[in-house]
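For reference, input_7.cif (mmCIF, C-alpha atoms (C1' of nucleotides) and all ligand atoms):
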data_upload
loop_
_atom_site.label_atom_id
_atom_site.label_comp_id
_atom_site.auth_asym_id
_atom_site.auth_seq_id
_atom_site.Cartn_x
_atom_site.Cartn_y
_atom_site.Cartn_z
CA MET S 1 60.09 298.54 120.47
CA SER S 2 61.22 295.11 121.59
CA ALA S 3 62.07 297.04 124.71
CA ILE S 4 58.45 298.08 124.99
CA ILE S 5 57.26 294.55 124.54
CA ARG S 6 59.70 293.36 127.16
CA PHE S 7 58.66 296.07 129.58
CA MET S 8 55.06 295.10 129.12
CA ASN S 9 55.91 291.52 129.97
CA TYR S 10 57.68 292.63 133.08
CA GLU S 11 54.73 294.78 134.01
CA GLN S 12 52.47 291.82 133.69
CA LEU S 13 54.79 289.58 135.65
CA LEU S 14 54.87 292.12 138.45
CA ARG S 15 51.11 292.66 138.45
CA GLU S 16 50.43 288.94 138.56
CA ARG S 17 52.41 288.91 141.77
CA ASP S 18 50.70 291.97 143.25
CA LEU S 19 53.92 293.92 143.04
CA LYS S 20 53.51 297.50 141.93
CA VAL S 21 55.13 298.37 138.65
CA THR S 22 57.84 300.91 139.31
CA PRO S 23 60.62 302.17 137.08
CA GLN S 24 63.16 300.75 139.53
CA ARG S 25 61.65 297.30 139.29
CA LEU S 26 61.51 297.40 135.53
CA GLY S 27 65.15 298.45 135.57
CA ILE S 28 66.13 295.59 137.84
CA LEU S 29 64.32 293.05 135.70
CA THR S 30 65.77 294.44 132.50
CA LEU S 31 69.29 294.29 133.89
CA MET S 32 68.81 290.75 135.09
CA HIS S 33 67.56 289.72 131.71
CA GLN S 34 70.42 291.42 129.93
CA SER S 35 73.10 290.06 132.22
CA GLY S 36 71.68 286.58 132.53
CA HIS S 37 73.21 286.31 136.00
CA ILE S 38 74.16 289.26 138.12
CA SER S 39 75.43 289.87 141.63
CA ILE S 40 73.84 292.41 143.97
CA GLU S 41 76.98 294.47 143.76
CA ASP S 42 76.98 294.62 139.97
CA LEU S 43 73.27 295.16 139.88
CA TYR S 44 73.62 298.14 142.17
CA GLU S 45 76.42 299.58 140.14
CA LYS S 46 74.46 299.26 136.90
CA ILE S 47 71.10 300.36 138.15
CA SER S 48 72.66 303.38 139.79
CA ARG S 49 73.48 304.65 136.32
CA GLN S 50 69.80 304.79 135.49
CA PHE S 51 68.53 305.79 138.93
CA SER S 52 71.36 307.69 140.46
CA SER S 53 69.56 308.00 143.78
CA ILE S 54 68.36 304.43 144.14
CA SER S 55 68.95 303.07 147.60
CA LEU S 56 70.63 299.80 148.33
CA ALA S 57 67.69 299.07 150.58
CA THR S 58 65.36 299.34 147.60
CA LEU S 59 67.50 296.91 145.69
CA TYR S 60 67.56 294.34 148.48
CA LYS S 61 63.87 294.74 149.18
CA ASN S 62 63.00 294.24 145.55
CA VAL S 63 65.25 291.31 144.93
CA HIS S 64 63.76 289.59 147.96
CA ALA S 65 60.22 290.40 146.92
CA MET S 66 60.96 288.96 143.51
CA ILE S 67 62.46 285.82 144.99
CA GLU S 68 59.49 285.33 147.28
CA THR S 69 57.11 285.67 144.37
CA ALA S 70 59.10 283.26 142.20
CA LEU S 71 60.13 285.80 139.62
CA VAL S 72 63.82 285.69 140.42
CA LYS S 73 66.14 283.05 141.75
CA GLU S 74 69.32 283.22 143.78
CA VAL S 75 72.08 281.05 142.39
CA LYS S 76 74.70 280.04 144.93
CA ILE S 77 78.07 279.48 143.38
CA PRO S 78 81.14 277.80 144.88
CA SER S 79 83.72 280.35 145.99
CA MET S 80 81.92 283.40 144.71
CA LYS S 81 79.09 285.66 145.66
CA SER S 82 75.58 284.68 144.72
CA LYS S 83 74.13 285.79 141.46
CA TYR S 84 70.49 286.40 140.63
CA GLU S 85 68.59 285.43 137.53
CA LEU S 86 65.06 285.51 136.17
CA ILE S 87 63.36 282.20 136.74
CA LYS S 88 63.17 280.03 133.67
CA ALA S 89 63.20 276.34 132.77
CA PRO S 90 65.39 274.18 135.03
CA HIS S 91 68.99 274.14 133.92
CA ALA S 92 72.52 273.75 135.25
CA HIS S 93 75.46 276.13 135.27
CA LEU S 94 79.06 276.20 134.13
CA LEU S 95 81.58 278.14 136.16
CA CYS S 96 85.00 278.70 134.67
CA THR S 97 87.49 278.83 137.51
CA GLN S 98 89.99 280.55 135.26
CA CYS S 99 88.12 283.47 133.72
CA GLY S 100 85.13 283.48 136.04
CA SER S 101 82.57 283.14 133.28
CA PHE S 102 79.26 281.80 134.47
CA GLU S 103 76.76 280.39 132.03
CA ASP S 104 73.61 278.38 131.68
CA VAL S 105 73.83 274.91 130.32
CA SER S 106 70.95 272.75 129.32
CA VAL S 107 70.99 269.52 131.28
CA PRO S 108 68.03 267.18 131.80
CA MET S 109 67.46 267.82 135.48
CA GLU S 110 64.65 265.28 135.79
CA GLN S 111 67.02 262.60 134.62
CA ILE S 112 69.55 263.67 137.20
CA GLU S 113 66.91 263.68 139.88
CA ALA S 114 66.19 260.08 138.93
CA MET S 115 69.76 259.11 139.74
CA LEU S 116 69.32 259.00 143.49
CA PRO S 117 70.14 255.55 144.82
CA HIS S 118 67.29 253.10 145.17
CA GLY S 119 66.27 253.02 148.78
CA VAL S 120 66.62 256.77 149.18
CA HIS S 121 63.06 258.01 149.47
CA PHE S 122 63.49 261.69 148.91
CA LYS S 123 60.90 263.69 147.03
CA THR S 124 62.93 266.19 145.06
CA THR S 125 61.21 269.40 144.13
CA GLU S 126 64.20 271.24 142.74
CA SER S 127 67.87 270.71 142.24
CA SER S 128 70.90 272.86 141.88
CA LEU S 129 73.83 271.77 139.75
CA VAL S 130 76.98 273.73 139.06
CA PHE S 131 79.90 272.37 137.09
CA SER S 132 83.21 274.03 137.88
CA GLY S 133 86.09 273.75 135.47
CA ILE S 134 87.68 275.32 132.43
CA CYS S 135 85.59 276.86 129.68
CA GLU S 136 86.27 276.30 126.01
CA THR S 137 87.87 279.71 125.54
CA CYS S 138 90.28 279.24 128.42
CA GLN S 139 91.20 275.76 127.18
CA LYS S 140 92.30 277.24 123.88
CA GLY S 141 93.97 280.39 125.16
CA MET U 142 90.83 255.81 172.24
CA SER U 143 89.24 256.04 168.83
CA ALA U 144 89.43 259.71 169.65
CA ILE U 145 93.17 259.38 169.91
CA ILE U 146 93.43 257.62 166.61
CA ARG U 147 91.25 260.29 165.04
CA PHE U 148 93.31 263.07 166.53
CA MET U 149 96.46 261.50 165.17
CA ASN U 150 94.93 261.41 161.72
CA TYR U 151 94.03 265.05 161.97
CA GLU U 152 97.54 265.85 163.12
CA GLN U 153 98.91 264.15 160.08
CA LEU U 154 96.46 265.86 157.77
CA LEU U 155 97.46 269.21 159.19
CA ARG U 156 101.18 268.51 159.01
CA GLU U 157 100.96 267.36 155.42
CA ARG U 158 99.58 270.78 154.64
CA ASP U 159 102.18 272.67 156.68
CA LEU U 160 99.56 273.78 159.12
CA LYS U 161 100.68 273.69 162.72
CA VAL U 162 98.79 271.32 164.93
CA THR U 163 96.93 273.32 167.56
CA PRO U 164 94.22 272.27 169.97
CA GLN U 165 91.84 274.69 168.29
CA ARG U 166 92.40 273.11 164.91
CA LEU U 167 91.95 269.61 166.24
CA GLY U 168 88.73 270.77 167.85
CA ILE U 169 87.47 272.27 164.62
CA LEU U 170 88.22 269.14 162.66
CA THR U 171 86.66 266.90 165.28
CA LEU U 172 83.49 268.95 165.31
CA MET U 173 83.28 268.93 161.55
CA HIS U 174 83.67 265.21 161.49
CA GLN U 175 81.06 264.71 164.17
CA SER U 176 78.54 267.05 162.61
CA GLY U 177 79.11 266.03 159.03
CA HIS U 178 78.15 269.52 157.89
CA ILE U 179 78.29 272.55 160.13
CA SER U 180 77.80 276.28 159.77
CA ILE U 181 80.29 278.81 161.06
CA GLU U 182 77.78 279.92 163.62
CA ASP U 183 77.20 276.44 165.01
CA LEU U 184 80.87 275.66 164.86
CA TYR U 185 81.63 278.72 166.92
CA GLU U 186 78.96 277.89 169.43
CA LYS U 187 80.23 274.35 169.86
CA ILE U 188 83.92 275.06 169.86
CA SER U 189 83.43 277.81 172.40
CA ARG U 190 82.41 275.15 174.87
CA GLN U 191 85.85 273.60 174.61
CA PHE U 192 87.84 276.78 174.16
CA SER U 193 85.85 279.40 175.93
CA SER U 194 88.15 282.16 174.77
CA ILE U 195 88.48 281.18 171.13
CA SER U 196 88.14 284.11 168.79
CA LEU U 197 85.85 284.24 165.80
CA ALA U 198 88.87 285.46 163.88
CA THR U 199 90.69 282.25 164.70
CA LEU U 200 87.75 280.25 163.49
CA TYR U 201 87.49 282.09 160.18
CA LYS U 202 91.22 282.01 159.62
CA ASN U 203 91.40 278.31 160.24
CA VAL U 204 88.42 277.40 158.15
CA HIS U 205 89.91 279.38 155.29
CA ALA U 206 93.32 277.85 155.74
CA MET U 207 91.73 274.42 155.66
CA ILE U 208 89.76 275.24 152.55
CA GLU U 209 92.85 276.54 150.79
CA THR U 210 94.73 273.37 151.64
CA ALA U 211 91.89 271.12 150.50
CA LEU U 212 91.11 269.70 153.90
CA VAL U 213 87.69 271.27 154.19
CA LYS U 214 85.06 272.29 151.70
CA GLU U 215 82.40 274.98 151.78
CA VAL U 216 79.00 273.71 150.72
CA LYS U 217 76.68 276.40 149.42
CA ILE U 218 73.07 275.60 149.99
CA PRO U 219 70.00 277.25 148.47
CA SER U 220 68.32 279.60 150.93
CA MET U 221 70.54 278.83 153.86
CA LYS U 222 73.95 279.67 155.17
CA SER U 223 76.91 277.70 153.94
CA LYS U 224 78.02 274.65 155.80
CA TYR U 225 81.52 273.22 155.98
CA GLU U 226 82.60 269.61 155.76
CA LEU U 227 85.76 267.55 155.65
CA ILE U 228 86.68 266.75 152.09
CA LYS U 229 85.84 263.22 151.05
CA ALA U 230 84.77 261.35 147.93
CA PRO U 231 82.56 263.36 145.56
CA HIS U 232 78.92 263.15 146.51
CA ALA U 233 75.69 265.12 146.33
CA HIS U 234 73.43 266.51 149.04
CA LEU U 235 69.82 266.29 150.10
CA LEU U 236 68.21 269.31 151.69
CA CYS U 237 64.81 268.89 153.28
CA THR U 238 62.94 272.15 152.92
CA GLN U 239 60.57 271.12 155.68
CA CYS U 240 62.79 270.06 158.57
CA GLY U 241 66.05 271.52 157.31
CA SER U 242 67.95 268.26 157.44
CA PHE U 243 71.01 268.22 155.24
CA GLU U 244 72.66 264.97 154.27
CA ASP U 245 75.13 263.33 151.99
CA VAL U 246 73.86 261.16 149.22
CA SER U 247 75.94 258.96 147.04
CA VAL U 248 75.48 259.88 143.40
CA PRO U 249 77.84 259.01 140.55
CA MET U 250 79.17 262.47 139.86
CA GLU U 251 81.30 261.40 136.89
CA GLN U 252 78.20 260.12 135.19
CA ILE U 253 76.47 263.40 135.79
CA GLU U 254 79.45 265.27 134.48
CA ALA U 255 79.13 263.22 131.32
CA MET U 256 75.63 264.57 130.76
CA LEU U 257 76.68 267.91 129.38
CA PRO U 258 75.30 268.38 125.88
CA HIS U 259 77.51 267.36 122.97
CA GLY U 260 79.10 270.46 121.58
CA VAL U 261 79.71 271.94 125.02
CA HIS U 262 83.46 271.72 125.45
CA PHE U 263 83.82 272.33 129.13
CA LYS U 264 86.44 270.52 131.15
CA THR U 265 84.74 269.86 134.47
CA THR U 266 86.99 269.48 137.46
CA GLU U 267 84.33 269.40 140.12
CA SER U 268 80.60 269.66 140.43
CA SER U 269 78.16 270.64 143.09
CA LEU U 270 74.74 269.05 143.26
CA VAL U 271 72.07 269.71 145.86
CA PHE U 272 68.62 268.19 145.74
CA SER U 273 65.97 270.16 147.59
CA GLY U 274 62.74 268.52 148.59
CA ILE U 275 61.07 266.50 151.30
CA CYS U 276 62.96 263.87 153.26
CA GLU U 277 61.54 260.46 154.03
CA THR U 278 60.75 261.33 157.64
CA CYS U 279 58.83 264.45 156.69
CA GLN U 280 56.91 262.56 154.01
CA LYS U 281 55.64 260.15 156.63
CA GLY U 282 54.99 262.58 159.45
"C1'" DA G 283 116.24 275.02 176.52
"C1'" DG G 284 116.16 278.67 172.95
"C1'" DC G 285 114.88 280.46 168.48
"C1'" DT G 286 111.67 281.54 164.92
"C1'" DA G 287 107.70 281.39 162.36
"C1'" DA G 288 103.03 280.66 162.74
"C1'" DG G 289 98.85 280.89 165.38
"C1'" DT G 290 95.69 282.92 168.94
"C1'" DG G 291 92.72 286.37 171.01
"C1'" DA G 292 90.76 290.97 171.62
"C1'" DG G 293 89.00 294.50 169.61
"C1'" DA G 294 88.55 297.69 165.74
"C1'" DA G 295 87.27 298.05 161.19
"C1'" DA G 296 85.10 296.92 157.02
"C1'" DA G 297 81.62 294.71 154.33
"C1'" DG G 298 77.13 293.16 153.74
"C1'" DT G 299 72.27 293.23 154.94
"C1'" DT G 300 68.13 294.71 157.26
"C1'" DA G 301 65.07 297.94 159.80
"C1'" DT G 302 63.01 302.44 160.55
"C1'" DC G 303 60.80 306.40 159.24
"C1'" DC G 304 59.39 309.82 156.42
"C1'" DT G 305 58.42 311.09 151.61
"C1'" DT G 306 56.77 309.86 147.09
"C1'" DA G 307 54.26 307.62 143.67
"C1'" DA G 308 51.25 303.81 141.90
"C1'" DA G 309 46.82 301.84 141.96
"C1'" DA G 310 42.09 301.94 143.47
"C1'" DA G 311 37.99 304.36 144.44
"C1'" DC G 312 35.16 307.78 143.46
"C1'" DG N 313 40.30 313.42 136.34
"C1'" DT N 314 40.69 314.03 141.28
"C1'" DT N 315 40.97 312.09 145.74
"C1'" DT N 316 42.22 308.36 148.73
"C1'" DT N 317 44.71 304.47 149.96
"C1'" DT N 318 48.56 301.69 150.12
"C1'" DA N 319 52.83 300.05 148.61
"C1'" DA N 320 57.32 301.48 147.41
"C1'" DG N 321 61.46 304.54 147.40
"C1'" DG N 322 65.28 306.90 149.73
"C1'" DA N 323 68.23 308.20 153.63
"C1'" DT N 324 70.19 306.65 157.38
"C1'" DA N 325 70.78 303.95 161.48
"C1'" DA N 326 71.30 299.53 163.18
"C1'" DC N 327 72.66 295.06 162.96
"C1'" DT N 328 75.21 290.93 161.20
"C1'" DT N 329 78.99 288.84 159.25
"C1'" DT N 330 83.70 288.79 157.96
"C1'" DT N 331 88.33 290.63 157.89
"C1'" DC N 332 92.19 293.16 159.76
"C1'" DT N 333 95.63 294.58 163.17
"C1'" DC N 334 98.66 293.85 166.68
"C1'" DA N 335 100.49 292.25 171.00
"C1'" DC N 336 101.20 287.95 172.94
"C1'" DT N 337 101.66 282.89 172.99
"C1'" DT N 338 102.76 278.41 171.25
"C1'" DA N 339 104.39 274.69 168.04
"C1'" DG N 340 108.06 272.89 165.65
"C1'" DC N 341 112.82 272.86 164.93
"C1'" DT N 342 117.74 272.82 166.31
MN MN Z 1 71.01 280.31 134.95
MN MN Z 2 78.65 266.30 152.28
ZN ZN Z 3 87.23 280.59 131.10
ZN ZN Z 4 62.54 266.61 156.57
#

What's the structure tokens form of this structure?
Amino acid sequence: MSAIIRFMNYEQLLRERDLKVTPQRLGILTLMHQSGHISIEDLYEKISRQFSSISLATLYKNVHAMIETALVKEVKIPSMKSKYELIKAPHAHLLCTQCGSFEDVSVPMEQIEAMLPHGVHFKTTESSLVFSGICETCQKG
Amino acid sequence: MSAIIRFMNYEQLLRERDLKVTPQRLGILTLMHQSGHISIEDLYEKISRQFSSISLATLYKNVHAMIETALVKEVKIPSMKSKYELIKAPHAHLLCTQCGSFEDVSVPMEQIEAMLPHGVHFKTTESSLVFSGICETCQKG
DNA sequence: AGCTAAGTGAGAAAAGTTATCCTTAAAAAC
DNA sequence: GTTTTTAAGGATAACTTTTCTCACTTAGCT
């Protein structure tokens, strides 16, 4: 039910971008939503369970099409492979260097963009911020 | 002359890390310093002029050794290949999406690290911040 | 100068990504 | 609803990037 609603949203998001709605694409979007952030490798492993014959080429082609149409974003992470996420409101990320957890964190990006030194005339359109360190769980453990 | 002084510094930096001082390594460090930020590809192209027989394997091995010993840092950049730089004081980066220029910018990283929401107990050890947008030159042109 | 561990270079191998080509299926037209 | 059109999927080859292996050389030490 909520799955149906979600699928319909994905269908709409794809149609708005002139991308055909295919089961593979719905699967990719669903997995990205569920995982929050997912690497190509993990995405392939998971989607292969649903579509045992899906080709890696299909996966790459789709992820790129979705990036080009601003549906998905690549997140580059220090010392690990990129992960992909559905585009949403600007936010930063927390990477735990101990357990590898990778999470969203709400940070006022506009405020950060306002912190460029006076005299630097750069028109920022987007910014990428990743904090690396130790997560709460690892601090306790 | 200033080249000699620089080389001596690099020698010391290598020795402190128990890395043998080789002409290839001095060349790599010199190029990184000159370029500020350089991709593996460009580094290989440039260093090949000095050491026509240098192997890509040597380049990769050295860059990794220097990363592991905290002499060099990989900078991941949205929608382009990573660049490498000599480690220095924490700073952020400006990427011009029009001309591709990539530069350091001085930003108080500790202050930014203090902007995590209250209730988020993450112990940040390092953070990576890249502003994407239009540089001053491109704004004028 | 001689010894030893580390580094270099060449090429093979592996990993990651993209291109090609034919088949299949979604969307549009009828 | 059926036909037509076009985009997408799948298999595989090709290409790019990175790592590995191994024989040889060199730096650092005595
Ligand atoms: Mn995120
Ligand atoms: Mn820098
Ligand atoms: Zn952790
Ligand atoms: Zn520019």

Separation of atom CA of S:Cys135 from atom CA of U:Thr266, in Å and rounded to one decimal: 10.8 Å

Enumerate as number ranges by chain the residues belonging to chain G that approach chain S to within 9 Å, with all atoms listed in the file taken into account. G: 299-300, 307-309

Give me the residues near U:Ser220 as a PyMOL selection string, where near means some atom within 10 Å (using all atoms listed in the file) and where sequence neighbours in that chain fewer than 6 positions away do not count. (chain S and resi 74-76) or (chain U and resi 238)

Generate a file of the selected residues that holds C-alpha atoms, formatted as a short mmCIF file (atom, residue, chain, number, x, y, z; two decimals), in the frame of the given file.
data_model
loop_
_atom_site.label_atom_id
_atom_site.label_comp_id
_atom_site.auth_asym_id
_atom_site.auth_seq_id
_atom_site.Cartn_x
_atom_site.Cartn_y
_atom_site.Cartn_z
CA GLU S 74 69.32 283.22 143.78
CA VAL S 75 72.08 281.05 142.39
CA LYS S 76 74.70 280.04 144.93
CA THR U 238 62.94 272.15 152.92
#

So which residues touch S:Asp104 within 8 Å, counting only C-alpha atoms (C1' of nucleotides), skipping near sequence neighbours fewer than 6 positions away, as a PyMOL selection string? chain S and resi 91-94

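A straight line drawn from atom CA of U:Lys224 to atom C1' of G:DG291 is 24.2 Å long.
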
Test item: residues no farther than 12 Å from ligand MN 2 (chain Z), counting only C-alpha atoms (C1' of nucleotides) and all ligand atoms, as a PyMOL selection string: chain U and resi 173-174+176-179+213-218+223-236+243-248+269-271

Which of U:Thr210, U:Ser193, U:Ile188, U:Lys222 sits closest to chain N [using all atoms listed in the file]: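 Residue with the minimum atom-to-atom distance to chain N: U:Lys222.
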
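Taking all atoms listed in the file into account, the residues that come within 9 Å of ligand ZN 4 (chain Z) are Leu236, Cys237, Thr238, Gln239, Cys240, Gly241, Ser242, Phe243, Gly274, Ile275, Cys276, Glu277, Thr278, Cys279 and Gln280 of chain U.
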
Which one is closest to chain N: S:Gln24, S:Ser39, S:Gln50, S:Ser55? Count all atoms listed in the file.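 Closest candidate: S:Ser55.
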
Have a look at atom C1' of G:DA301 and atom C1' of N:DA326 and let me know their distance in Å, one decimal.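 Atom C1' of G:DA301 sits 7.3 Å away from atom C1' of N:DA326.
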
Taking all atoms listed in the file into account and nothing else, which residues of chain N lie no more than 10 Å away from chain S? Please answer as a ChimeraX atom specification. /N:319-323

Residue with the minimum atom-to-atom distance to chain U, picked from S:Gly141, S:Val63, S:Glu11, S:Pro117 with only C-alpha atoms counted, is S:Pro117

Residues within 12 Å of S:Arg49, please, as a PyMOL selection string. Count all atoms listed in the file; anything in the same chain fewer than 5 positions from it doesn't count. chain S and resi 24+27-28+31+42-44+54

Could you check which of S:Pro78, S:Met109, S:Lys140, S:Glu68 is closest to chain U, using all atoms listed in the file? S:Pro78

May I have the residues within 9 Å of S:Met115 as a PDB file with C-alpha atoms, keeping the file's coordinate frame, using all atoms listed in the file and disregarding those fewer than 5 positions away in the same chain?
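See around-v4.pdb below for the written result:
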ATOM      1  CA  GLU S 110      64.650 265.280 135.790  1.00  0.00           C
TER       2      GLU S 110
ATOM      3  CA  VAL U 248      75.480 259.880 143.400  1.00  0.00           C
ATOM      4  CA  PRO U 249      77.840 259.010 140.550  1.00  0.00           C
ATOM      5  CA  ILE U 253      76.470 263.400 135.790  1.00  0.00           C
TER       6      ILE U 253
END

Near G:DT286, within 12 Å and counting all atoms listed in the file, which residues show up once chain neighbours fewer than 6 positions away are dropped, as a PDB file with C-alpha atoms (C1' of nucleotides), in the frame of the given file?
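Resulting contents of out_28.pdb:
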ATOM      1  C1'  DT N 338     102.760 278.410 171.250  1.00  0.00           C
ATOM      2  C1'  DA N 339     104.390 274.690 168.040  1.00  0.00           C
ATOM      3  C1'  DG N 340     108.060 272.890 165.650  1.00  0.00           C
ATOM      4  C1'  DC N 341     112.820 272.860 164.930  1.00  0.00           C
ATOM      5  C1'  DT N 342     117.740 272.820 166.310  1.00  0.00           C
TER       6       DT N 342
END

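Proximity of U:Leu167, U:Leu257, U:Met221, U:Leu212 to chain S, computed with all atoms listed in the file, is greatest for U:Leu257.
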
Residue rebuild result stretch 62-74 of chain S, N, CA and C atoms as a PDB file, keeping the file's coordinate frame:
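Contents of selection29.pdb, as written:
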ATOM      1  N   ASN S  62      63.597 294.717 146.796  1.00  0.00           N
ATOM      2  CA  ASN S  62      63.000 294.240 145.550  1.00  0.00           C
ATOM      3  C   ASN S  62      63.474 292.845 145.166  1.00  0.00           C
ATOM      4  N   VAL S  63      64.750 292.632 145.288  1.00  0.00           N
ATOM      5  CA  VAL S  63      65.250 291.310 144.930  1.00  0.00           C
ATOM      6  C   VAL S  63      64.576 290.256 145.816  1.00  0.00           C
ATOM      7  N   HIS S  64      64.428 290.559 147.088  1.00  0.00           N
ATOM      8  CA  HIS S  64      63.760 289.590 147.960  1.00  0.00           C
ATOM      9  C   HIS S  64      62.297 289.403 147.602  1.00  0.00           C
ATOM     10  N   ALA S  65      61.634 290.508 147.305  1.00  0.00           N
ATOM     11  CA  ALA S  65      60.220 290.400 146.920  1.00  0.00           C
ATOM     12  C   ALA S  65      60.087 289.550 145.667  1.00  0.00           C
ATOM     13  N   MET S  66      61.030 289.715 144.768  1.00  0.00           N
ATOM     14  CA  MET S  66      60.960 288.960 143.510  1.00  0.00           C
ATOM     15  C   MET S  66      61.310 287.482 143.719  1.00  0.00           C
ATOM     16  N   ILE S  67      62.155 287.223 144.678  1.00  0.00           N
ATOM     17  CA  ILE S  67      62.460 285.820 144.990  1.00  0.00           C
ATOM     18  C   ILE S  67      61.242 285.170 145.641  1.00  0.00           C
ATOM     19  N   GLU S  68      60.644 285.895 146.580  1.00  0.00           N
ATOM     20  CA  GLU S  68      59.490 285.330 147.280  1.00  0.00           C
ATOM     21  C   GLU S  68      58.311 285.064 146.361  1.00  0.00           C
ATOM     22  N   THR S  69      58.224 285.844 145.304  1.00  0.00           N
ATOM     23  CA  THR S  69      57.110 285.670 144.370  1.00  0.00           C
ATOM     24  C   THR S  69      57.532 284.853 143.144  1.00  0.00           C
ATOM     25  N   ALA S  70      58.654 284.186 143.254  1.00  0.00           N
ATOM     26  CA  ALA S  70      59.100 283.260 142.200  1.00  0.00           C
ATOM     27  C   ALA S  70      59.270 283.913 140.832  1.00  0.00           C
ATOM     28  N   LEU S  71      59.850 285.093 140.870  1.00  0.00           N
ATOM     29  CA  LEU S  71      60.130 285.800 139.620  1.00  0.00           C
ATOM     30  C   LEU S  71      61.634 285.724 139.368  1.00  0.00           C
ATOM     31  N   VAL S  72      62.357 285.654 140.454  1.00  0.00           N
ATOM     32  CA  VAL S  72      63.820 285.690 140.420  1.00  0.00           C
ATOM     33  C   VAL S  72      64.334 284.565 141.309  1.00  0.00           C
ATOM     34  N   LYS S  73      65.532 284.132 140.988  1.00  0.00           N
ATOM     35  CA  LYS S  73      66.140 283.050 141.750  1.00  0.00           C
ATOM     36  C   LYS S  73      67.558 283.416 142.163  1.00  0.00           C
ATOM     37  N   GLU S  74      67.933 283.038 143.364  1.00  0.00           N
ATOM     38  CA  GLU S  74      69.320 283.220 143.780  1.00  0.00           C
ATOM     39  C   GLU S  74      70.093 281.977 143.371  1.00  0.00           C
TER      40      GLU S  74
END
